[in-house]
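Peer 1: Sharing input38.txt below, compact mmCIF, C-alpha atoms:
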```
# COMPACT_ATOMS: atom_id res chain seq x y z
CA MET U 1 2.04 -7.18 2.45
CA ASN U 2 4.29 -8.27 -0.41
CA LEU U 3 3.47 -7.52 -4.01
CA SER U 4 5.29 -10.20 -6.00
CA MET U 5 1.95 -11.87 -6.70
CA ILE U 6 0.79 -8.55 -8.10
CA ILE U 7 3.50 -8.68 -10.75
CA VAL U 8 2.22 -12.00 -12.01
CA SER U 9 -1.40 -10.89 -11.89
CA ILE U 10 -0.80 -7.65 -13.76
CA ALA U 11 1.24 -9.42 -16.42
CA LEU U 12 -1.57 -11.89 -17.05
CA PHE U 13 -4.38 -9.38 -17.38
CA ILE U 14 -2.73 -6.28 -18.86
CA ALA U 15 -3.63 -7.12 -22.47
CA LEU U 16 -7.26 -7.65 -21.53
CA VAL U 17 -7.36 -4.40 -19.58
CA ILE U 18 -5.92 -2.46 -22.48
CA VAL U 19 -8.16 -3.95 -25.14
CA LEU U 20 -11.45 -3.98 -23.23
CA ALA U 21 -11.24 -1.34 -20.51
CA ILE U 22 -8.76 1.33 -21.56
CA ALA U 23 -9.50 1.36 -25.27
CA SER U 24 -13.21 1.55 -24.55
CA ALA U 25 -12.72 4.38 -22.05
CA MET U 26 -10.57 6.31 -24.50
CA ALA U 27 -13.17 5.92 -27.25
CA ARG U 28 -15.83 7.49 -25.00
CA GLN U 29 -13.64 10.09 -23.33
CA ALA U 30 -14.62 12.89 -25.72
CA ARG U 31 -18.17 12.84 -24.34
CA PRO U 32 -18.24 14.86 -21.11
CA LEU U 33 -20.25 13.68 -18.12
CA THR U 34 -22.20 15.61 -15.54
CA VAL U 35 -21.36 14.90 -11.92
CA GLU U 36 -24.54 12.86 -11.55
CA ASP U 37 -23.85 10.82 -14.69
CA GLY U 38 -20.30 10.26 -13.49
CA LYS U 39 -21.56 8.99 -10.14
CA LYS U 40 -23.92 6.60 -11.90
CA ALA U 41 -21.09 5.26 -14.05
CA LEU U 42 -18.80 4.82 -11.05
CA SER U 43 -21.54 3.08 -9.09
CA SER U 44 -22.12 0.72 -12.00
CA LEU U 45 -18.43 -0.18 -12.05
CA ALA U 46 -18.39 -1.04 -8.35
CA GLU U 47 -21.64 -2.98 -8.47
CA SER U 48 -20.51 -5.03 -11.46
CA LEU U 49 -17.54 -6.25 -9.42
CA ARG U 50 -19.67 -6.99 -6.37
CA ARG U 51 -21.56 -9.56 -8.43
CA LYS U 52 -18.38 -11.57 -9.00
CA PRO U 53 -17.61 -14.51 -6.65
CA GLY U 54 -15.53 -13.43 -3.65
CA LEU U 55 -15.98 -9.72 -4.33
CA ALA U 56 -19.23 -8.90 -2.52
CA GLY U 57 -17.23 -6.40 -0.43
CA ALA U 58 -15.79 -4.51 -3.42
CA GLY U 59 -15.62 -0.78 -2.86
CA LEU U 60 -14.65 2.32 -4.81
CA SER U 61 -14.22 5.87 -3.52
CA VAL U 62 -13.39 8.99 -5.51
CA LEU U 63 -12.33 12.54 -4.75
CA HIS U 64 -12.52 14.82 -7.80
CA THR U 65 -11.49 18.27 -6.74
CA SER U 66 -12.48 20.27 -9.83
CA SER U 67 -16.11 19.09 -9.82
CA GLY U 68 -16.47 18.76 -6.05
CA LEU U 69 -17.28 15.06 -6.32
CA ARG U 70 -16.44 13.13 -3.18
CA ASP U 71 -18.37 9.90 -2.96
CA ALA U 72 -18.23 6.20 -2.17
CA PHE U 73 -19.64 3.31 -4.18
CA GLY U 74 -20.21 -0.37 -3.60
CA ALA U 75 -19.19 -1.59 -0.16
CA ASP U 76 -17.49 1.73 0.59
CA ALA U 77 -20.92 3.36 0.59
CA ASP U 78 -22.28 0.99 3.25
CA PRO U 79 -21.55 2.25 6.80
CA GLU U 80 -21.50 -1.35 8.07
CA GLN U 81 -19.04 -2.55 5.44
CA ARG U 82 -16.72 0.43 5.26
CA ILE U 83 -13.71 -1.04 7.10
CA PHE U 84 -11.09 -3.06 5.23
CA HIS U 85 -7.49 -4.15 5.66
CA ALA U 86 -5.14 -1.73 3.92
CA ALA U 87 -2.38 -4.29 3.21
CA SER U 88 0.72 -2.62 1.73
CA VAL U 89 -1.04 0.70 1.25
CA GLY U 90 -0.04 1.06 4.92
CA LYS U 91 3.57 1.49 3.81
CA LEU U 92 2.58 5.05 2.99
CA PHE U 93 2.08 5.65 6.71
CA THR U 94 5.40 4.14 7.76
CA ALA U 95 7.24 6.13 5.09
CA THR U 96 5.50 9.30 6.25
CA LEU U 97 6.48 8.72 9.88
CA ILE U 98 10.10 8.17 8.84
CA ALA U 99 10.02 11.32 6.71
CA ARG U 100 8.72 13.29 9.70
CA LEU U 101 11.70 12.09 11.74
CA ILE U 102 13.98 13.27 8.93
CA GLU U 103 12.31 16.69 8.89
CA GLU U 104 12.86 16.95 12.65
CA GLY U 105 16.56 16.12 12.30
CA ARG U 106 16.22 12.86 14.21
CA LEU U 107 17.17 10.91 11.09
CA ALA U 108 18.68 11.53 7.66
CA TRP U 109 18.04 9.74 4.39
CA ASP U 110 21.53 8.29 4.61
CA SER U 111 21.41 7.47 8.33
CA ARG U 112 22.92 4.06 9.06
CA VAL U 113 20.34 1.74 10.56
CA ALA U 114 23.02 -0.07 12.58
CA GLU U 115 23.73 3.12 14.51
CA ILE U 116 20.19 3.08 15.94
CA LEU U 117 19.01 -0.52 16.19
CA GLN U 118 20.64 -3.16 18.36
CA PRO U 119 23.10 -5.54 16.63
CA ALA U 120 20.94 -8.53 17.56
CA GLU U 121 18.04 -7.04 15.59
CA LEU U 122 20.10 -6.92 12.39
CA ARG U 123 22.09 -10.12 12.89
CA GLY U 124 22.00 -12.37 9.84
CA LEU U 125 19.65 -10.20 7.80
CA PHE U 126 22.35 -8.63 5.64
CA ASP U 127 25.05 -11.35 5.49
CA TRP U 128 26.04 -11.28 1.85
CA GLU U 129 28.65 -13.71 0.55
CA GLY U 130 29.79 -14.50 4.08
CA VAL U 131 30.18 -10.86 5.15
CA ASP U 132 27.88 -8.94 7.51
CA ARG U 133 26.92 -5.85 5.50
CA SER U 134 24.40 -4.44 7.99
CA ALA U 135 26.62 -1.42 8.74
CA GLU U 136 26.04 -0.22 5.16
CA VAL U 137 22.23 -0.23 5.27
CA THR U 138 20.62 3.20 5.25
CA VAL U 139 17.12 4.49 5.92
CA ALA U 140 16.74 5.33 2.23
CA MET U 141 17.59 1.75 1.25
CA LEU U 142 14.88 0.35 3.50
CA LEU U 143 12.30 2.84 2.24
CA SER U 144 13.10 2.04 -1.39
CA HIS U 145 13.41 -1.75 -1.00
CA SER U 146 17.04 -1.66 -2.06
CA SER U 147 18.71 -2.86 1.17
CA GLY U 148 19.16 -6.45 -0.04
CA VAL U 149 17.12 -7.99 2.79
CA ALA U 150 14.78 -10.86 1.94
CA ASP U 151 11.02 -10.59 2.23
CA TYR U 152 9.37 -12.67 4.93
CA PHE U 153 5.89 -12.32 3.48
CA ASP U 154 6.29 -13.81 0.03
CA ASP U 155 9.86 -15.13 -0.35
CA PRO U 156 10.00 -18.85 0.52
CA GLY U 157 11.90 -20.03 3.56
CA ARG U 158 14.01 -23.17 3.76
CA SER U 159 10.86 -25.27 3.91
CA GLY U 160 9.71 -23.78 0.63
CA LYS U 161 6.88 -21.87 2.30
CA SER U 162 6.60 -18.14 2.83
CA VAL U 163 4.91 -16.48 5.80
CA SER U 164 1.90 -15.73 3.59
CA ALA U 165 1.52 -19.46 2.93
CA LEU U 166 1.88 -20.20 6.64
CA MET U 167 -0.74 -17.59 7.47
CA ALA U 168 -3.30 -19.26 5.22
CA ALA U 169 -2.38 -22.72 6.54
CA ALA U 170 -2.55 -21.72 10.23
CA PRO U 171 -4.91 -18.73 10.66
CA ASP U 172 -4.88 -18.99 14.48
CA ARG U 173 -1.14 -18.41 14.78
CA LEU U 174 0.06 -15.08 16.16
CA TRP U 175 3.14 -13.52 14.57
CA PRO U 176 5.14 -11.26 16.90
CA VAL U 177 7.45 -8.87 15.07
CA GLY U 178 10.53 -10.65 16.46
CA GLU U 179 9.40 -13.96 14.94
CA LEU U 180 8.89 -12.33 11.56
CA LEU U 181 12.41 -10.94 11.64
CA ASP U 182 13.67 -14.35 12.76
CA PHE U 183 11.99 -15.92 9.74
CA SER U 184 14.06 -13.78 7.39
CA ARG U 185 17.13 -14.22 9.59
CA ASN U 186 16.98 -18.01 9.95
CA GLU U 187 14.92 -19.23 7.02
CA GLN U 188 16.01 -16.92 4.21
CA ARG U 189 19.06 -15.33 2.66
CA PRO U 190 19.60 -11.76 1.48
CA VAL U 191 18.88 -11.16 -2.20
CA GLY U 192 21.93 -8.94 -2.73
CA PRO U 193 24.31 -6.44 -1.12
CA PRO U 194 22.93 -3.20 0.34
CA GLY U 195 22.07 -0.76 -2.43
CA GLY U 196 22.56 -3.36 -5.13
CA ARG U 197 19.04 -3.97 -6.44
CA PHE U 198 15.34 -3.38 -5.92
CA HIS U 199 13.56 -6.23 -4.12
CA TYR U 200 10.22 -5.55 -2.49
CA SER U 201 10.56 -6.46 1.19
CA ASP U 202 8.17 -6.35 4.12
CA THR U 203 11.13 -7.33 6.29
CA GLY U 204 12.73 -3.98 5.50
CA TYR U 205 9.59 -2.18 6.59
CA LEU U 206 9.58 -4.07 9.89
CA LEU U 207 12.99 -2.54 10.54
CA LEU U 208 11.58 0.90 9.72
CA GLY U 209 8.86 0.26 12.31
CA ARG U 210 11.53 -0.64 14.83
CA LEU U 211 13.38 2.59 14.00
CA ILE U 212 10.21 4.60 14.62
CA GLU U 213 9.67 2.94 17.99
CA ALA U 214 13.30 3.44 19.01
CA LEU U 215 13.30 7.15 18.17
CA ARG U 216 9.80 7.96 19.40
CA GLY U 217 9.98 5.82 22.54
CA ALA U 218 6.47 4.45 22.01
CA PRO U 219 4.78 1.49 20.28
CA TYR U 220 4.38 1.86 16.54
CA HIS U 221 0.57 1.93 16.65
CA GLU U 222 0.59 4.78 19.17
CA VAL U 223 3.00 6.81 17.06
CA LEU U 224 0.84 6.12 14.02
CA ARG U 225 -2.28 7.38 15.76
CA ARG U 226 -0.69 10.57 17.11
CA GLY U 227 1.38 11.28 14.03
CA ILE U 228 -1.04 10.49 11.20
CA PHE U 229 -4.51 9.25 12.11
CA GLU U 230 -5.47 12.10 14.42
CA PRO U 231 -4.03 15.08 12.50
CA ALA U 232 -5.35 13.74 9.18
CA GLY U 233 -8.83 13.11 10.60
CA MET U 234 -8.76 9.36 9.94
CA ARG U 235 -11.58 8.48 12.32
CA ASP U 236 -11.93 4.75 11.65
CA ALA U 237 -8.25 3.79 11.32
CA TYR U 238 -6.61 1.40 13.78
CA MET U 239 -4.28 -1.61 13.94
CA PRO U 240 -6.17 -4.89 14.50
CA LEU U 241 -4.74 -7.20 17.18
CA ARG U 242 -2.62 -4.35 18.52
CA GLU U 243 -5.22 -1.84 19.67
CA ALA U 244 -8.97 -1.56 20.04
CA ALA U 245 -11.07 -0.30 17.16
CA PRO U 246 -12.54 3.21 17.59
CA PRO U 247 -16.00 3.16 19.21
CA GLY U 248 -18.75 2.29 16.77
CA THR U 249 -16.41 0.92 14.14
CA PRO U 250 -17.92 -2.10 12.35
CA PRO U 251 -15.97 -5.34 11.89
CA LEU U 252 -13.48 -5.77 9.09
CA ARG U 253 -14.77 -6.92 5.75
CA PRO U 254 -13.54 -10.38 4.80
CA ALA U 255 -9.85 -10.30 3.84
CA TYR U 256 -9.05 -13.22 1.57
CA LEU U 257 -5.45 -14.39 1.31
CA ARG U 258 -4.90 -17.57 -0.72
CA GLY U 259 -8.62 -18.25 -0.45
CA VAL U 260 -8.76 -17.97 3.36
CA ASP U 261 -10.60 -15.18 5.15
CA LEU U 262 -8.19 -13.78 7.73
CA SER U 263 -10.28 -10.80 8.85
CA LYS U 264 -10.92 -12.35 12.28
CA ALA U 265 -7.74 -14.45 12.44
CA ASN U 266 -4.63 -14.06 14.58
CA ALA U 267 -2.57 -14.52 11.41
CA LEU U 268 -3.41 -10.96 10.47
CA SER U 269 -0.75 -9.98 13.03
CA ALA U 270 1.89 -10.87 10.41
CA ASP U 271 1.32 -7.46 8.86
CA TRP U 272 2.71 -4.68 11.04
CA SER U 273 4.55 -1.56 9.88
CA GLY U 274 4.40 -2.95 6.34
CA GLY U 275 0.64 -2.45 6.28
CA GLY U 276 -1.19 -3.81 9.32
CA VAL U 277 -3.87 -1.11 9.35
CA ALA U 278 -7.65 -1.33 9.08
CA LEU U 279 -9.53 1.76 7.90
CA SER U 280 -12.16 3.15 5.58
CA ALA U 281 -11.79 4.61 2.10
CA ALA U 282 -12.78 7.97 3.61
CA ASP U 283 -9.72 7.66 5.87
CA LEU U 284 -7.47 7.09 2.86
CA LEU U 285 -8.93 10.05 0.98
CA ALA U 286 -8.35 12.18 4.09
CA PHE U 287 -4.76 10.96 4.23
CA CYS U 288 -4.20 11.83 0.56
CA GLU U 289 -5.48 15.35 1.16
CA ALA U 290 -3.40 15.80 4.31
CA LEU U 291 -0.25 14.58 2.61
CA ARG U 292 -0.71 16.66 -0.53
CA SER U 293 -1.71 19.82 1.40
CA GLY U 294 1.46 19.86 3.48
CA LEU U 295 -0.32 19.03 6.74
CA LEU U 296 1.80 15.92 7.31
CA LEU U 297 4.99 16.67 5.39
CA ARG U 298 6.71 19.63 3.80
CA PRO U 299 6.32 19.75 0.00
CA GLU U 300 10.06 19.34 -0.52
CA THR U 301 10.08 16.20 1.63
CA LEU U 302 7.23 14.67 -0.36
CA GLU U 303 9.08 15.43 -3.58
CA ARG U 304 12.16 13.69 -2.20
CA MET U 305 10.03 10.61 -1.56
CA ALA U 306 8.77 10.88 -5.15
CA ASP U 307 12.18 10.14 -6.66
CA PHE U 308 10.90 7.19 -8.68
CA ARG U 309 14.25 5.87 -9.83
CA TRP U 310 13.34 2.21 -9.30
CA ARG U 311 11.10 0.29 -11.65
CA PHE U 312 8.70 -1.96 -9.81
CA ARG U 313 7.42 -3.28 -13.12
CA LEU U 314 6.18 -1.92 -16.45
CA GLY U 315 4.08 1.13 -15.69
CA VAL U 316 4.90 1.26 -11.97
CA GLY U 317 7.82 3.21 -10.51
CA TYR U 318 8.97 3.15 -6.89
CA GLY U 319 10.48 5.90 -4.78
CA TYR U 320 10.80 6.12 -1.00
CA GLY U 321 7.58 4.49 0.19
CA LEU U 322 5.64 5.81 -2.81
CA MET U 323 4.59 4.21 -6.09
CA GLU U 324 3.96 6.05 -9.34
CA LEU U 325 1.53 4.81 -12.00
CA ARG U 326 2.75 5.60 -15.52
CA PHE U 327 -0.28 4.92 -17.67
CA GLY U 328 1.58 5.73 -20.87
CA GLU U 329 3.73 2.65 -20.34
CA PHE U 330 0.58 0.52 -20.14
CA PHE U 331 -0.80 1.95 -23.37
CA PRO U 332 0.73 4.73 -25.55
CA LEU U 333 -2.57 6.60 -25.99
CA LEU U 334 -2.65 7.14 -22.23
CA LYS U 335 0.62 9.06 -22.05
CA SER U 336 -1.32 12.26 -21.38
CA TRP U 337 -2.94 10.78 -18.28
CA PRO U 338 -1.53 12.02 -14.98
CA ARG U 339 1.22 10.11 -13.23
CA MET U 340 -0.58 9.20 -10.05
CA ARG U 341 1.18 8.63 -6.74
CA GLY U 342 0.29 6.30 -3.90
CA HIS U 343 0.54 2.59 -3.20
CA MET U 344 -1.18 -0.72 -3.82
CA GLY U 345 -1.71 -3.72 -1.56
CA VAL U 346 -1.86 -7.43 -2.24
CA LEU U 347 -5.51 -7.71 -1.15
CA GLY U 348 -6.68 -5.78 -4.20
CA ILE U 349 -6.29 -2.38 -2.51
CA GLN U 350 -5.36 0.73 -4.51
CA CYS U 351 -4.82 4.26 -3.21
CA PHE U 352 -3.52 6.82 -5.70
CA TRP U 353 -3.80 10.59 -6.16
CA ASP U 354 -2.90 13.09 -8.85
CA PRO U 355 -0.23 15.42 -7.40
CA ALA U 356 -1.31 18.19 -9.77
CA ASP U 357 -4.98 18.59 -8.84
CA GLY U 358 -5.53 16.28 -5.87
CA THR U 359 -7.93 13.87 -7.58
CA ALA U 360 -7.75 10.62 -5.60
CA ILE U 361 -9.12 7.12 -6.13
CA VAL U 362 -9.37 4.30 -3.59
CA VAL U 363 -10.20 0.72 -4.62
CA SER U 364 -10.84 -1.95 -1.98
CA LEU U 365 -11.53 -5.52 -3.13
CA SER U 366 -10.06 -7.37 -0.10
CA ASN U 367 -9.01 -10.44 -2.04
CA ASP U 368 -5.50 -11.25 -3.24
CA ARG U 369 -6.96 -13.11 -6.22
CA ALA U 370 -8.58 -9.92 -7.46
CA MET U 371 -5.51 -7.76 -8.03
CA SER U 372 -6.19 -7.64 -11.76
CA ASP U 373 -9.74 -6.51 -11.08
CA SER U 374 -8.50 -3.78 -8.73
CA VAL U 375 -6.14 -2.28 -11.29
CA LYS U 376 -8.79 -2.52 -14.00
CA LEU U 377 -11.29 -0.75 -11.72
CA LEU U 378 -8.78 2.01 -10.95
CA ILE U 379 -8.09 2.65 -14.64
CA SER U 380 -11.76 2.51 -15.60
CA ALA U 381 -12.71 4.84 -12.75
CA LEU U 382 -10.05 7.35 -13.72
CA GLY U 383 -11.31 7.26 -17.32
CA ILE U 384 -14.76 8.24 -16.06
CA VAL U 385 -13.47 10.89 -13.65
CA LYS U 386 -11.48 12.57 -16.42
CA ARG U 387 -14.74 13.11 -18.33
CA ILE U 388 -16.67 14.75 -15.49
CA ARG U 389 -17.39 18.46 -15.94
CA ASN U 390 -19.12 20.95 -13.65
```
Mind turning the file's structure into structure tokens?

Peer 2:
Amino acid sequence: MNLSMIIVSIALFIALVIVLAIASAMARQARPLTVEDGKKALSSLAESLRRKPGLAGAGLSVLHTSSGLRDAFGADADPEQRIFHAASVGKLFTATLIARLIEEGRLAWDSRVAEILQPAELRGLFDWEGVDRSAEVTVAMLLSHSSGVADYFDDPGRSGKSVSALMAAAPDRLWPVGELLDFSRNEQRPVGPPGGRFHYSDTGYLLLGRLIEALRGAPYHEVLRRGIFEPAGMRDAYMPLREAAPPGTPPLRPAYLRGVDLSKANALSADWSGGGVALSAADLLAFCEALRSGLLLRPETLERMADFRWRFRLGVGYGYGLMELRFGEFFPLLKSWPRMRGHMGVLGIQCFWDPADGTAIVVSLSNDRAMSDSVKLLISALGIVKRIRN
């Protein structure tokens, strides 16, 4: 799902986070914590959020490699509440599948999308100043949101409404992938020429999903299961409305978009290869480990994806399907904190890991109005984790 709302949310709360959360954490950081004390502090963080309206399903999961801590808190610790919608964190999976195709020689970073997809699929999506520029669009541009294509999820159409607004207004509506592409094609205009600027776009990630299907000869969700879920040991992960949940998997937690719970709604189909996955925090921690260990991608490929040349906003860089958190840009005293890699999603979902030692944190609030809370929880949790000693 799109993250433009995240930009606004972060801008509004960043001063409060710095003054209350980060400064407080820094003041206490000199006092080390035992693993048990750290777990108590992390549990307190999660439970404090669960008491807030609309956040009863708030969850927090942590993997701290040096101390051996691997635990879930809040809703993540409840077996019957463990499943949530990943939102744009799912872009990590699409980017990984594309990178695998590149490693196999089926694609290259500079492969032209128009040489693989049918002309009708690209028609009208890249018409800039009266000229069809689709022949210039590369795989790397789509991965890095620099292709110039509009974003169906959060950019308004001609009516003034985005797909996200239409989802909340009509939860029963199904959104086939072709209709989502048609929305950008018929209702929107490109934001610039290919390669010209960064503009976060779920439409671009739909095209990456189409590329994966074309080259693998199978539906996206099947490729995802064989290529990532199974090898990484992600036992609960699946794509709602496109495949059955694994046996014994509980229902999705509520997923609030614009105040409407879409967890059981057909409208959830509007998220596909841009993040239409349901899973547990344990699944995301397993994915982080598999990615960092080299199980899913070669180290050199992952480093290529970590070319964070684009600035998503202050403190957040963007590479090829990866985000980087630069805490020193949030607050100068945090410049020694690790630059964590991963992705965030509009429903208050955070999944980031430290590439140096493998420490990983997953936050799942499942409410687009709680993005500020999700970032605050991530920062506060990392402040606690950094103090834990064996």

Peer 1: Separation of CA of Glu136 (chain U) and CA of Gly192 (chain U), in Å?

Peer 2: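 About the pair CA of Glu136 (chain U) and CA of Gly192 (chain U): they are 12.5 Å apart.
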
Peer 1: How close does region 84-180 of chain U get to region 270-274 of chain U? List, as CSV, each residue of region 84-180 of chain U within 7 Å, its nearest atom pair and the distance in Å to one decimal, counting all atoms listed in the file.

Peer 2:
```
residue,atom,partner,partner_atom,distance
U:Ser88,CA,U:Gly274,CA,5.9
U:Gly90,CA,U:Gly274,CA,6.1
U:Lys91,CA,U:Gly274,CA,5.2
U:Thr94,CA,U:Ser273,CA,6.1
U:Trp175,CA,U:Ala270,CA,5.1
```

Peer 1: Provide the CA of Leu42 (chain U) to CA of Pro338 (chain U) distance in Å, to one decimal place.

Peer 2: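 Answer for the CA of Leu42 (chain U) to CA of Pro338 (chain U) separation: 19.1 Å.
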
Peer 1: My list of candidates is U:Tyr238, U:Phe198, U:Phe183, U:Tyr256. Which is closest to Pro53 (chain U) when distances are computed with all atoms listed in the file?

Peer 2: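 Of the candidates, the smallest distance to Pro53 (chain U) is held by U:Tyr256.
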
Peer 1: Which of these residues is nearest to Thr359 (chain U), using only C-alpha atoms: U:Leu45, U:Ala168, U:Ala140, U:Leu63?

Peer 2: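 Going through U:Leu45, U:Ala168, U:Ala140, U:Leu63 one by one, the smallest distance to Thr359 (chain U) is for U:Leu63.
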
Peer 1: Under the rule that all atoms listed in the file are counted, which of U:Leu262, U:Ala99, U:Leu69, U:Leu377 is the nearest residue to Arg304 (chain U)?

Peer 2: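 Going through U:Leu262, U:Ala99, U:Leu69, U:Leu377 one by one, the smallest distance to Arg304 (chain U) is for U:Ala99.
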
Peer 1: Any idea what the distance is between CA of Gly57 (chain U) and CA of Ala75 (chain U)?

Peer 2: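 CA of Gly57 (chain U) sits 5.2 Å away from CA of Ala75 (chain U).
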
Peer 1: List as a list in words: which residues have an atom within 9 Å of (24.0, -12.2, 8.6), counting only C-alpha atoms?

Peer 2: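 Counting only C-alpha atoms, I find these residues within 9 Å of (24.0, -12.2, 8.6): Leu122, Arg123, Gly124, Leu125, Phe126, Asp127, Trp128, Gly130, Val131, Asp132, Arg133, Ser134, Arg185, Arg189 and Pro190 of chain U.
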
Peer 1: Taking 2 positions as the minimum chain separation for residues in the same chain, which residues sit within 8 Å of Arg235 (chain U) when counting all atoms listed in the file? Answer as a tab-separated table (two decimals) with C-alpha atoms, keeping the file's coordinate frame.

Peer 2:
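Everything below was put into around-v3.tsv:
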```
chain	number	residue	atom	x	y	z
U	229	PHE	CA	-4.51	9.25	12.11
U	230	GLU	CA	-5.47	12.10	14.42
U	233	GLY	CA	-8.83	13.11	10.60
U	237	ALA	CA	-8.25	3.79	11.32
U	246	PRO	CA	-12.54	3.21	17.59
U	283	ASP	CA	-9.72	7.66	5.87
```

Peer 1: Which polymer residues have any atom within 7 Å of an atom of Ser144 (chain U), counting all atoms listed in the file, with same-chain residues fewer than 2 positions away left out, as a PDB file with C-alpha atoms, in the coordinates of the input?

Peer 2:
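Contents of the output file part-v7.pdb:
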```pdb
ATOM      1  CA  ALA U 140      16.740   5.330   2.230  1.00  0.00           C
ATOM      2  CA  MET U 141      17.590   1.750   1.250  1.00  0.00           C
ATOM      3  CA  LEU U 142      14.880   0.350   3.500  1.00  0.00           C
ATOM      4  CA  SER U 146      17.040  -1.660  -2.060  1.00  0.00           C
ATOM      5  CA  TYR U 318       8.970   3.150  -6.890  1.00  0.00           C
ATOM      6  CA  GLY U 319      10.480   5.900  -4.780  1.00  0.00           C
ATOM      7  CA  TYR U 320      10.800   6.120  -1.000  1.00  0.00           C
ATOM      8  CA  GLY U 321       7.580   4.490   0.190  1.00  0.00           C
TER       9      GLY U 321
END
```

Peer 1: Which residue out of U:Lys264, U:Arg309, U:Arg70, U:His221 has the minimum interatomic distance to Glu324 (chain U) when only C-alpha atoms are used?

Peer 2: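 When distances to Glu324 (chain U) are compared using only C-alpha atoms, the smallest one comes from U:Arg309.
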
Peer 1: Measuring atom to atom with all atoms listed in the file, identify which of U:Leu180, U:Ala306, U:Ala46, U:Ile98 is nearest to Gly157 (chain U).

Peer 2: U:Leu180

Peer 1: Using all atoms listed in the file, collect all residues at a distance of at most 12 Å from (4.5, 16.5, 4.7) as written in the file, then present them as a PDB file with C-alpha atoms, in the frame of the given file.

Peer 2:
```
ATOM      1  CA  LEU U  92       2.580   5.050   2.990  1.00  0.00           C
ATOM      2  CA  PHE U  93       2.080   5.650   6.710  1.00  0.00           C
ATOM      3  CA  ALA U  95       7.240   6.130   5.090  1.00  0.00           C
ATOM      4  CA  THR U  96       5.500   9.300   6.250  1.00  0.00           C
ATOM      5  CA  LEU U  97       6.480   8.720   9.880  1.00  0.00           C
ATOM      6  CA  ILE U  98      10.100   8.170   8.840  1.00  0.00           C
ATOM      7  CA  ALA U  99      10.020  11.320   6.710  1.00  0.00           C
ATOM      8  CA  ARG U 100       8.720  13.290   9.700  1.00  0.00           C
ATOM      9  CA  LEU U 101      11.700  12.090  11.740  1.00  0.00           C
ATOM     10  CA  ILE U 102      13.980  13.270   8.930  1.00  0.00           C
ATOM     11  CA  GLU U 103      12.310  16.690   8.890  1.00  0.00           C
ATOM     12  CA  GLU U 104      12.860  16.950  12.650  1.00  0.00           C
ATOM     13  CA  GLY U 227       1.380  11.280  14.030  1.00  0.00           C
ATOM     14  CA  ILE U 228      -1.040  10.490  11.200  1.00  0.00           C
ATOM     15  CA  PRO U 231      -4.030  15.080  12.500  1.00  0.00           C
ATOM     16  CA  ALA U 232      -5.350  13.740   9.180  1.00  0.00           C
ATOM     17  CA  PHE U 287      -4.760  10.960   4.230  1.00  0.00           C
ATOM     18  CA  CYS U 288      -4.200  11.830   0.560  1.00  0.00           C
ATOM     19  CA  GLU U 289      -5.480  15.350   1.160  1.00  0.00           C
ATOM     20  CA  ALA U 290      -3.400  15.800   4.310  1.00  0.00           C
ATOM     21  CA  LEU U 291      -0.250  14.580   2.610  1.00  0.00           C
ATOM     22  CA  ARG U 292      -0.710  16.660  -0.530  1.00  0.00           C
ATOM     23  CA  SER U 293      -1.710  19.820   1.400  1.00  0.00           C
ATOM     24  CA  GLY U 294       1.460  19.860   3.480  1.00  0.00           C
ATOM     25  CA  LEU U 295      -0.320  19.030   6.740  1.00  0.00           C
ATOM     26  CA  LEU U 296       1.800  15.920   7.310  1.00  0.00           C
ATOM     27  CA  LEU U 297       4.990  16.670   5.390  1.00  0.00           C
ATOM     28  CA  ARG U 298       6.710  19.630   3.800  1.00  0.00           C
ATOM     29  CA  PRO U 299       6.320  19.750   0.000  1.00  0.00           C
ATOM     30  CA  GLU U 300      10.060  19.340  -0.520  1.00  0.00           C
ATOM     31  CA  THR U 301      10.080  16.200   1.630  1.00  0.00           C
ATOM     32  CA  LEU U 302       7.230  14.670  -0.360  1.00  0.00           C
ATOM     33  CA  GLU U 303       9.080  15.430  -3.580  1.00  0.00           C
ATOM     34  CA  ARG U 304      12.160  13.690  -2.200  1.00  0.00           C
ATOM     35  CA  MET U 305      10.030  10.610  -1.560  1.00  0.00           C
TER      36      MET U 305
END
```
